[in-house]
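Novice: So here's coords-v2.pdb, just PDB, C-alpha atoms:
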```pdb
ATOM      1  CA  MET Q   1      32.603 -20.638 -34.296
ATOM      2  CA  GLY Q   2      33.035 -24.176 -35.468
ATOM      3  CA  SER Q   3      34.937 -26.825 -33.666
ATOM      4  CA  SER Q   4      38.050 -28.135 -35.350
ATOM      5  CA  SER Q   5      38.463 -30.851 -32.703
ATOM      6  CA  ASN Q   6      35.599 -33.047 -33.939
ATOM      7  CA  LYS Q   7      33.571 -33.719 -37.073
ATOM      8  CA  LYS Q   8      30.170 -34.340 -35.451
ATOM      9  CA  ALA Q   9      27.214 -32.180 -36.504
ATOM     10  CA  SER Q  10      26.684 -29.222 -34.193
ATOM     11  CA  LEU Q  11      23.195 -27.796 -33.701
ATOM     12  CA  ALA Q  12      24.784 -24.437 -32.769
ATOM     13  CA  ASN Q  13      26.511 -24.418 -36.171
ATOM     14  CA  LEU Q  14      23.543 -25.717 -38.187
ATOM     15  CA  ALA Q  15      20.897 -23.492 -36.522
ATOM     16  CA  PRO Q  16      22.629 -20.609 -34.680
ATOM     17  CA  VAL Q  17      19.269 -18.989 -33.773
ATOM     18  CA  PHE Q  18      18.167 -22.051 -31.781
ATOM     19  CA  LEU Q  19      20.128 -21.458 -28.557
ATOM     20  CA  PRO Q  20      19.181 -17.737 -28.306
ATOM     21  CA  PHE Q  21      15.555 -18.862 -28.683
ATOM     22  CA  LEU Q  22      15.962 -21.199 -25.681
ATOM     23  CA  ASN Q  23      17.792 -18.558 -23.642
ATOM     24  CA  ASN Q  24      15.464 -15.658 -24.528
ATOM     25  CA  GLY Q  25      18.569 -13.618 -25.296
ATOM     26  CA  PRO Q  26      21.981 -13.580 -26.967
ATOM     27  CA  VAL Q  27      24.279 -16.549 -26.412
ATOM     28  CA  PHE Q  28      27.992 -15.882 -26.081
ATOM     29  CA  GLY Q  29      30.017 -17.474 -28.868
ATOM     30  CA  LEU Q  30      27.250 -17.373 -31.478
ATOM     31  CA  PRO Q  31      26.683 -14.783 -34.229
ATOM     32  CA  GLY Q  32      25.348 -11.490 -32.878
ATOM     33  CA  THR Q  33      27.437 -11.376 -29.697
ATOM     34  CA  ASP Q  34      30.269  -8.928 -29.108
ATOM     35  CA  ALA Q  35      32.940  -9.385 -26.431
ATOM     36  CA  GLY Q  36      35.031  -6.411 -27.533
ATOM     37  CA  ASP Q  37      34.936  -2.852 -26.200
ATOM     38  CA  PHE Q  38      32.931  -2.557 -22.971
ATOM     39  CA  ARG Q  39      30.539   0.013 -24.506
ATOM     40  CA  TYR Q  40      29.429  -2.395 -27.228
ATOM     41  CA  ARG Q  41      29.454  -5.765 -25.457
ATOM     42  CA  THR Q  42      26.385  -7.943 -25.574
ATOM     43  CA  GLN Q  43      27.674  -9.830 -22.535
ATOM     44  CA  LEU Q  44      28.824  -7.675 -19.643
ATOM     45  CA  SER Q  45      31.558  -9.992 -18.350
ATOM     46  CA  GLY Q  46      33.127 -10.473 -21.790
ATOM     47  CA  ASP Q  47      35.295 -13.407 -22.795
ATOM     48  CA  TRP Q  48      36.973 -14.202 -19.446
ATOM     49  CA  GLY Q  49      40.434 -13.998 -20.995
ATOM     50  CA  GLY Q  50      39.529 -16.369 -23.841
ATOM     51  CA  LEU Q  51      38.090 -19.091 -21.586
ATOM     52  CA  ARG Q  52      34.507 -18.430 -22.637
ATOM     53  CA  THR Q  53      35.403 -18.680 -26.345
ATOM     54  CA  ASP Q  54      37.258 -21.944 -25.712
ATOM     55  CA  LEU Q  55      34.258 -23.346 -23.811
ATOM     56  CA  ALA Q  56      31.907 -22.341 -26.665
ATOM     57  CA  ARG Q  57      34.170 -24.022 -29.220
ATOM     58  CA  HIS Q  58      33.866 -27.202 -27.164
ATOM     59  CA  GLY Q  59      30.075 -26.968 -26.839
ATOM     60  CA  PHE Q  60      29.624 -25.300 -23.438
ATOM     61  CA  PHE Q  61      27.579 -22.092 -23.396
ATOM     62  CA  PHE Q  62      26.897 -20.180 -20.154
ATOM     63  CA  ASP Q  63      24.861 -16.978 -20.022
ATOM     64  CA  LEU Q  64      23.510 -15.037 -17.071
ATOM     65  CA  TYR Q  65      20.645 -12.595 -17.574
ATOM     66  CA  SER Q  66      19.275 -10.165 -15.024
ATOM     67  CA  THR Q  67      16.252  -7.884 -15.051
ATOM     68  CA  SER Q  68      15.542  -5.356 -12.332
ATOM     69  CA  ALA Q  69      12.168  -3.680 -11.900
ATOM     70  CA  TYR Q  70      10.821  -1.007  -9.613
ATOM     71  CA  GLN Q  71       7.089  -0.758  -9.043
ATOM     72  CA  ASP Q  72       5.070   1.745  -7.084
ATOM     73  CA  VAL Q  73       1.432   2.151  -6.151
ATOM     74  CA  ALA Q  74       1.176   5.899  -5.575
ATOM     75  CA  SER Q  75      -2.546   5.930  -4.819
ATOM     76  CA  GLY Q  76      -5.488   3.533  -4.791
ATOM     77  CA  GLY Q  77      -5.069  -0.193  -4.895
ATOM     78  CA  LEU Q  78      -4.957  -2.285  -1.750
ATOM     79  CA  LYS Q  79      -1.995  -0.445  -0.292
ATOM     80  CA  THR Q  80       0.348   2.296  -1.422
ATOM     81  CA  GLY Q  81       4.055   1.710  -1.467
ATOM     82  CA  ASN Q  82       6.884   0.491  -3.612
ATOM     83  CA  THR Q  83       9.161  -2.448  -4.072
ATOM     84  CA  SER Q  84      12.069  -3.477  -6.244
ATOM     85  CA  ILE Q  85      12.524  -6.900  -7.750
ATOM     86  CA  GLN Q  86      15.377  -8.626  -9.530
ATOM     87  CA  ASN Q  87      14.949 -11.700 -11.705
ATOM     88  CA  THR Q  88      18.110 -13.604 -12.585
ATOM     89  CA  GLN Q  89      18.334 -16.411 -15.117
ATOM     90  CA  LEU Q  90      21.300 -18.712 -15.715
ATOM     91  CA  SER Q  91      21.114 -20.585 -19.008
ATOM     92  CA  MET Q  92      23.513 -23.432 -19.683
ATOM     93  CA  ASN Q  93      23.675 -25.251 -22.990
ATOM     94  CA  LEU Q  94      25.761 -28.228 -24.030
ATOM     95  CA  ASP Q  95      26.057 -28.702 -27.796
ATOM     96  CA  THR Q  96      26.792 -32.421 -27.988
ATOM     97  CA  GLY Q  97      28.271 -32.169 -31.491
ATOM     98  CA  ARG Q  98      30.810 -29.511 -30.540
ATOM     99  CA  ALA Q  99      31.578 -31.431 -27.349
ATOM    100  CA  GLY Q 100      32.373 -34.527 -29.448
ATOM    101  CA  LEU Q 101      29.673 -36.659 -27.800
ATOM    102  CA  TRP Q 102      27.008 -37.322 -30.492
ATOM    103  CA  PRO Q 103      25.851 -35.314 -33.494
ATOM    104  CA  GLY Q 104      23.042 -32.754 -33.453
ATOM    105  CA  GLY Q 105      22.072 -32.678 -29.770
ATOM    106  CA  VAL Q 106      21.635 -29.930 -27.194
ATOM    107  CA  VAL Q 107      21.125 -30.248 -23.449
ATOM    108  CA  HIS Q 108      19.587 -27.035 -22.096
ATOM    109  CA  ILE Q 109      19.170 -26.075 -18.420
ATOM    110  CA  THR Q 110      17.719 -22.823 -17.118
ATOM    111  CA  LEU Q 111      17.854 -21.793 -13.462
ATOM    112  CA  GLU Q 112      15.729 -18.861 -12.306
ATOM    113  CA  SER Q 113      15.800 -16.813  -9.128
ATOM    114  CA  ARG Q 114      14.018 -13.773  -7.774
ATOM    115  CA  TYR Q 115      15.249 -11.385  -5.158
ATOM    116  CA  GLY Q 116      13.658  -8.194  -3.930
ATOM    117  CA  SER Q 117      14.005  -5.499  -1.346
ATOM    118  CA  SER Q 118      10.710  -6.280   0.347
ATOM    119  CA  SER Q 119       8.263  -9.130   0.842
ATOM    120  CA  PRO Q 120       6.629 -10.680  -2.219
ATOM    121  CA  GLN Q 121       3.203  -9.744  -0.886
ATOM    122  CA  ASN Q 122       4.087  -6.117  -1.647
ATOM    123  CA  THR Q 123       4.083  -6.978  -5.347
ATOM    124  CA  PHE Q 124       0.292  -7.482  -5.250
ATOM    125  CA  THR Q 125      -0.589  -4.136  -3.647
ATOM    126  CA  VAL Q 126      -2.268  -2.806  -6.776
ATOM    127  CA  GLY Q 127      -5.241  -5.084  -5.973
ATOM    128  CA  SER Q 128      -4.898  -7.481  -8.907
ATOM    129  CA  THR Q 129      -4.657 -11.256  -9.005
ATOM    130  CA  VAL Q 130      -1.237 -11.080 -10.674
ATOM    131  CA  PRO Q 131       1.754  -8.901  -9.797
ATOM    132  CA  GLN Q 132       2.073  -5.564 -11.567
ATOM    133  CA  TYR Q 133       5.383  -6.807 -12.971
ATOM    134  CA  THR Q 134       4.530 -10.110 -14.671
ATOM    135  CA  GLY Q 135       8.198 -11.186 -14.662
ATOM    136  CA  LEU Q 136       7.448 -12.379 -11.148
ATOM    137  CA  ALA Q 137       5.658 -15.381 -12.605
ATOM    138  CA  PHE Q 138       8.984 -17.296 -12.700
ATOM    139  CA  PRO Q 139       9.983 -19.086 -10.612
ATOM    140  CA  GLY Q 140       6.852 -17.986  -8.716
ATOM    141  CA  PRO Q 141       5.639 -14.805  -7.065
ATOM    142  CA  PHE Q 142       6.236 -16.076  -3.529
ATOM    143  CA  PHE Q 143       9.594 -17.820  -4.044
ATOM    144  CA  VAL Q 144      12.003 -15.417  -2.419
ATOM    145  CA  HIS Q 145      15.752 -16.035  -2.311
ATOM    146  CA  ASP Q 146      15.400 -19.410  -4.036
ATOM    147  CA  VAL Q 147      17.205 -20.635  -7.125
ATOM    148  CA  LEU Q 148      15.030 -23.161  -8.946
ATOM    149  CA  PRO Q 149      15.218 -25.007 -12.272
ATOM    150  CA  ARG Q 150      12.815 -23.555 -14.791
ATOM    151  CA  ASN Q 151      13.663 -25.661 -17.795
ATOM    152  CA  ILE Q 152      15.624 -28.836 -18.396
ATOM    153  CA  SER Q 153      15.447 -29.992 -22.005
ATOM    154  CA  TYR Q 154      17.180 -32.259 -24.457
ATOM    155  CA  PHE Q 155      16.928 -31.714 -28.188
ATOM    156  CA  ARG Q 156      18.274 -33.800 -31.043
ATOM    157  CA  ARG Q 157      18.271 -32.977 -34.702
TER
END
```
Write the structure described by the file as structure tokens, please.
Specialist:
Amino acid sequence: MGSSSNKKASLANLAPVFLPFLNNGPVFGLPGTDAGDFRYRTQLSGDWGGLRTDLARHGFFFDLYSTSAYQDVASGGLKTGNTSIQNTQLSMNLDTGRAGLWPGGVVHITLESRYGSSSPQNTFTVGSTVPQYTGLAFPGPFFVHDVLPRNISYFRR
């Protein structure tokens, strides 16, 4: 999706694999995403009635990723029991070329949060020095119900 509103170089147009690399997943509005039929969508919430496509054309990319994990220590370890964890990541990218600001730049911000059904100490019950589910490393194994910045970057071609 190029922008017809400006003639400045867009990093999303010149290197469409760059933003998915920063986000660790597909970026709405770039090649490889599908907002069509619900069964085939790469982004669950779709195009928001065309708003998301319009934002992408103007350099604003918003993507929310979520991973849920269930872990259980059935026997052994420090303590038996189970817990469930959910990591959520919000990635926001501003392509400065598409936005008409300056050519070839990207401002990238990632916010990370972790929520679970029990205390974070229950994620170490296997008896290791790291959680069984290593996705708990971000934003930190003991940050519960916090939303914290994980990455704030600026890139220029």
Novice: Expand the PyMOL selection byres ((chain Q and resi 22) around 10) into the individual residues it matches in the shown file, reporting them as a PDB file with C-alpha atoms, in the frame of the given file.
Specialist:
```
ATOM      1  CA  VAL Q  17      19.269 -18.989 -33.773  1.00  0.00           C
ATOM      2  CA  PHE Q  18      18.167 -22.051 -31.781  1.00  0.00           C
ATOM      3  CA  LEU Q  19      20.128 -21.458 -28.557  1.00  0.00           C
ATOM      4  CA  PRO Q  20      19.181 -17.737 -28.306  1.00  0.00           C
ATOM      5  CA  PHE Q  21      15.555 -18.862 -28.683  1.00  0.00           C
ATOM      6  CA  ASN Q  23      17.792 -18.558 -23.642  1.00  0.00           C
ATOM      7  CA  ASN Q  24      15.464 -15.658 -24.528  1.00  0.00           C
ATOM      8  CA  GLY Q  25      18.569 -13.618 -25.296  1.00  0.00           C
ATOM      9  CA  PRO Q  26      21.981 -13.580 -26.967  1.00  0.00           C
ATOM     10  CA  VAL Q  27      24.279 -16.549 -26.412  1.00  0.00           C
ATOM     11  CA  SER Q  91      21.114 -20.585 -19.008  1.00  0.00           C
ATOM     12  CA  MET Q  92      23.513 -23.432 -19.683  1.00  0.00           C
ATOM     13  CA  ASN Q  93      23.675 -25.251 -22.990  1.00  0.00           C
ATOM     14  CA  HIS Q 108      19.587 -27.035 -22.096  1.00  0.00           C
ATOM     15  CA  ILE Q 109      19.170 -26.075 -18.420  1.00  0.00           C
ATOM     16  CA  THR Q 110      17.719 -22.823 -17.118  1.00  0.00           C
ATOM     17  CA  ASN Q 151      13.663 -25.661 -17.795  1.00  0.00           C
ATOM     18  CA  SER Q 153      15.447 -29.992 -22.005  1.00  0.00           C
TER      19      SER Q 153
END
```
Novice: Evaluating the PyMOL selection byres ((chain Q and resi 36-45) around 10) on the displayed file yields which residues, as a list in words?
Specialist: Gly25, Pro26, Val27, Phe28, Gly32, Thr33, Asp34, Ala35, Gly46, Asp47, Trp48, Arg52, Asp63, Leu64 and Tyr65 of chain Q
Novice: Taking C-alpha atoms for each residue, export the selection above as an mmCIF file, keeping the file's coordinate frame.
Specialist:
```
data_model
loop_
_atom_site.group_PDB
_atom_site.id
_atom_site.type_symbol
_atom_site.label_atom_id
_atom_site.label_comp_id
_atom_site.auth_asym_id
_atom_site.auth_seq_id
_atom_site.Cartn_x
_atom_site.Cartn_y
_atom_site.Cartn_z
ATOM 1 C CA GLY Q 25 18.569 -13.618 -25.296
ATOM 2 C CA PRO Q 26 21.981 -13.580 -26.967
ATOM 3 C CA VAL Q 27 24.279 -16.549 -26.412
ATOM 4 C CA PHE Q 28 27.992 -15.882 -26.081
ATOM 5 C CA GLY Q 32 25.348 -11.490 -32.878
ATOM 6 C CA THR Q 33 27.437 -11.376 -29.697
ATOM 7 C CA ASP Q 34 30.269 -8.928 -29.108
ATOM 8 C CA ALA Q 35 32.940 -9.385 -26.431
ATOM 9 C CA GLY Q 46 33.127 -10.473 -21.790
ATOM 10 C CA ASP Q 47 35.295 -13.407 -22.795
ATOM 11 C CA TRP Q 48 36.973 -14.202 -19.446
ATOM 12 C CA ARG Q 52 34.507 -18.430 -22.637
ATOM 13 C CA ASP Q 63 24.861 -16.978 -20.022
ATOM 14 C CA LEU Q 64 23.510 -15.037 -17.071
ATOM 15 C CA TYR Q 65 20.645 -12.595 -17.574
#
```
Novice: So what do you get for CA of Phe155 (chain Q) versus CA of Asp54 (chain Q), distance-wise?
Specialist: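 So the two atoms, CA of Phe155 (chain Q) and CA of Asp54 (chain Q), lie 22.7 Å apart.
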Novice: Considering all atoms listed in the file, can you say which of Q:Arg157, Q:Asn82, Q:Pro31, Q:Leu148 comes closest to Gly104 (chain Q)?
Specialist: Q:Arg157
Novice: Using the chain letters and numbers from the file, give me the residues hit by the PyMOL selection byres ((chain Q and resi 105) around 10), as a VMD selection string.
Specialist: chain Q and resid 9 to 12 94 to 99 101 to 104 106 to 108 154 to 157
Novice: Please indicate the distance in Å from CA of Phe60 (chain Q) to CA of Lys8 (chain Q), rounded to one decimal place.
Specialist: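 Computing it gives 15.0 Å between the two atoms.
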Novice: Please report the interatomic distance between CA of Phe142 (chain Q) and CA of Gly77 (chain Q) in Å with one decimal.
Specialist: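 Pair CA of Phe142 (chain Q) / CA of Gly77 (chain Q) returns 19.5 Å.
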Novice: Could you give me, as a VMD selection string, the residues within 6 Å of Leu78 (chain Q), counting only C-alpha atoms and dropping anything in the same chain fewer than 5 positions from it?
Specialist: chain Q and resid 125 to 127
Novice: From the block I gave, I'd like region 81-118 of chain Q written with N, CA and C atoms, as an mmCIF file, in the first residue's frame.
Specialist:
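The file below, out.cif, is the result:
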```cif
data_model
loop_
_atom_site.group_PDB
_atom_site.id
_atom_site.type_symbol
_atom_site.label_atom_id
_atom_site.label_comp_id
_atom_site.auth_asym_id
_atom_site.auth_seq_id
_atom_site.Cartn_x
_atom_site.Cartn_y
_atom_site.Cartn_z
ATOM 1 N N GLY Q 81 1.204 -28.031 40.987
ATOM 2 C CA GLY Q 81 0.158 -27.054 40.746
ATOM 3 C C GLY Q 81 0.246 -26.498 39.346
ATOM 4 N N ASN Q 82 -0.702 -25.634 39.019
ATOM 5 C CA ASN Q 82 -0.737 -25.088 37.675
ATOM 6 C C ASN Q 82 -1.009 -23.601 37.716
ATOM 7 N N THR Q 83 -0.789 -22.988 36.586
ATOM 8 C CA THR Q 83 -1.055 -21.567 36.437
ATOM 9 C C THR Q 83 -1.280 -21.269 34.965
ATOM 10 N N SER Q 84 -1.951 -20.190 34.680
ATOM 11 C CA SER Q 84 -2.088 -19.740 33.302
ATOM 12 C C SER Q 84 -1.560 -18.312 33.218
ATOM 13 N N ILE Q 85 -0.985 -18.015 32.088
ATOM 14 C CA ILE Q 85 -0.321 -16.731 31.883
ATOM 15 C C ILE Q 85 -0.750 -16.186 30.534
ATOM 16 N N GLN Q 86 -0.870 -14.869 30.439
ATOM 17 C CA GLN Q 86 -1.144 -14.247 29.156
ATOM 18 C C GLN Q 86 -0.192 -13.083 28.965
ATOM 19 N N ASN Q 87 0.575 -13.138 27.884
ATOM 20 C CA ASN Q 87 1.432 -12.031 27.480
ATOM 21 C C ASN Q 87 0.720 -11.266 26.378
ATOM 22 N N THR Q 88 0.705 -9.951 26.475
ATOM 23 C CA THR Q 88 0.095 -9.117 25.452
ATOM 24 C C THR Q 88 1.104 -8.065 25.034
ATOM 25 N N GLN Q 89 1.219 -7.875 23.717
ATOM 26 C CA GLN Q 89 2.164 -6.913 23.169
ATOM 27 C C GLN Q 89 1.435 -5.989 22.213
ATOM 28 N N LEU Q 90 1.585 -4.687 22.413
ATOM 29 C CA LEU Q 90 1.055 -3.686 21.495
ATOM 30 C C LEU Q 90 2.243 -3.063 20.776
ATOM 31 N N SER Q 91 2.261 -3.210 19.459
ATOM 32 C CA SER Q 91 3.322 -2.608 18.652
ATOM 33 C C SER Q 91 2.730 -1.476 17.834
ATOM 34 N N MET Q 92 3.380 -0.321 17.914
ATOM 35 C CA MET Q 92 2.947 0.850 17.163
ATOM 36 C C MET Q 92 4.129 1.337 16.337
ATOM 37 N N ASN Q 93 3.882 1.555 15.062
ATOM 38 C CA ASN Q 93 4.916 2.027 14.161
ATOM 39 C C ASN Q 93 4.405 3.256 13.427
ATOM 40 N N LEU Q 94 5.284 4.234 13.280
ATOM 41 C CA LEU Q 94 4.990 5.411 12.475
ATOM 42 C C LEU Q 94 6.014 5.450 11.354
ATOM 43 N N ASP Q 95 5.566 5.251 10.124
ATOM 44 C CA ASP Q 95 6.418 5.377 8.946
ATOM 45 C C ASP Q 95 6.419 6.856 8.578
ATOM 46 N N THR Q 96 7.539 7.519 8.798
ATOM 47 C CA THR Q 96 7.590 8.973 8.619
ATOM 48 C C THR Q 96 7.434 9.399 7.167
ATOM 49 N N GLY Q 97 7.822 8.532 6.227
ATOM 50 C CA GLY Q 97 7.635 8.841 4.811
ATOM 51 C C GLY Q 97 6.166 8.840 4.428
ATOM 52 N N ARG Q 98 5.457 7.778 4.816
ATOM 53 C CA ARG Q 98 4.023 7.710 4.520
ATOM 54 C C ARG Q 98 3.255 8.813 5.244
ATOM 55 N N ALA Q 99 3.721 9.192 6.421
ATOM 56 C CA ALA Q 99 3.048 10.242 7.185
ATOM 57 C C ALA Q 99 3.351 11.633 6.633
ATOM 58 N N GLY Q 100 4.290 11.729 5.677
ATOM 59 C CA GLY Q 100 4.623 13.014 5.073
ATOM 60 C C GLY Q 100 5.545 13.866 5.918
ATOM 61 N N LEU Q 101 6.248 13.255 6.882
ATOM 62 C CA LEU Q 101 7.126 14.010 7.774
ATOM 63 C C LEU Q 101 8.535 14.148 7.195
ATOM 64 N N TRP Q 102 9.287 13.050 7.077
ATOM 65 C CA TRP Q 102 10.604 13.041 6.452
ATOM 66 C C TRP Q 102 10.813 11.664 5.837
ATOM 67 N N PRO Q 103 11.651 11.560 4.830
ATOM 68 C CA PRO Q 103 11.779 10.294 4.116
ATOM 69 C C PRO Q 103 12.549 9.232 4.905
ATOM 70 N N GLY Q 104 12.102 7.972 4.752
ATOM 71 C CA GLY Q 104 12.858 6.816 5.209
ATOM 72 C C GLY Q 104 12.975 6.588 6.696
ATOM 73 N N GLY Q 105 12.083 7.094 7.512
ATOM 74 C CA GLY Q 105 12.185 6.902 8.958
ATOM 75 C C GLY Q 105 11.043 6.074 9.518
ATOM 76 N N VAL Q 106 11.313 5.422 10.642
ATOM 77 C CA VAL Q 106 10.297 4.667 11.369
ATOM 78 C C VAL Q 106 10.492 4.913 12.856
ATOM 79 N N VAL Q 107 9.420 5.242 13.547
ATOM 80 C CA VAL Q 107 9.409 5.311 15.000
ATOM 81 C C VAL Q 107 8.633 4.076 15.459
ATOM 82 N N HIS Q 108 9.260 3.262 16.294
ATOM 83 C CA HIS Q 108 8.666 2.001 16.736
ATOM 84 C C HIS Q 108 8.556 1.994 18.258
ATOM 85 N N ILE Q 109 7.376 1.641 18.764
ATOM 86 C CA ILE Q 109 7.150 1.537 20.213
ATOM 87 C C ILE Q 109 6.457 0.206 20.477
ATOM 88 N N THR Q 110 6.970 -0.535 21.446
ATOM 89 C CA THR Q 110 6.339 -1.779 21.865
ATOM 90 C C THR Q 110 6.022 -1.692 23.350
ATOM 91 N N LEU Q 111 4.776 -1.969 23.698
ATOM 92 C CA LEU Q 111 4.355 -2.073 25.093
ATOM 93 C C LEU Q 111 4.069 -3.543 25.377
ATOM 94 N N GLU Q 112 4.447 -4.008 26.541
ATOM 95 C CA GLU Q 112 4.287 -5.415 26.903
ATOM 96 C C GLU Q 112 3.596 -5.509 28.253
ATOM 97 N N SER Q 113 2.727 -6.490 28.391
ATOM 98 C CA SER Q 113 2.077 -6.716 29.681
ATOM 99 C C SER Q 113 1.952 -8.213 29.915
ATOM 100 N N ARG Q 114 1.783 -8.573 31.163
ATOM 101 C CA ARG Q 114 1.608 -9.977 31.525
ATOM 102 C C ARG Q 114 0.534 -10.058 32.591
ATOM 103 N N TYR Q 115 -0.408 -10.921 32.349
ATOM 104 C CA TYR Q 115 -1.472 -11.171 33.300
ATOM 105 C C TYR Q 115 -1.580 -12.673 33.504
ATOM 106 N N GLY Q 116 -1.962 -13.079 34.683
ATOM 107 C CA GLY Q 116 -2.115 -14.503 34.944
ATOM 108 C C GLY Q 116 -3.191 -14.745 35.976
ATOM 109 N N SER Q 117 -3.538 -16.013 36.120
ATOM 110 C CA SER Q 117 -4.612 -16.352 37.042
ATOM 111 C C SER Q 117 -4.110 -16.597 38.456
ATOM 112 N N SER Q 118 -2.806 -16.601 38.637
ATOM 113 C CA SER Q 118 -2.261 -16.809 39.974
ATOM 114 C C SER Q 118 -0.985 -15.983 40.131
#
```
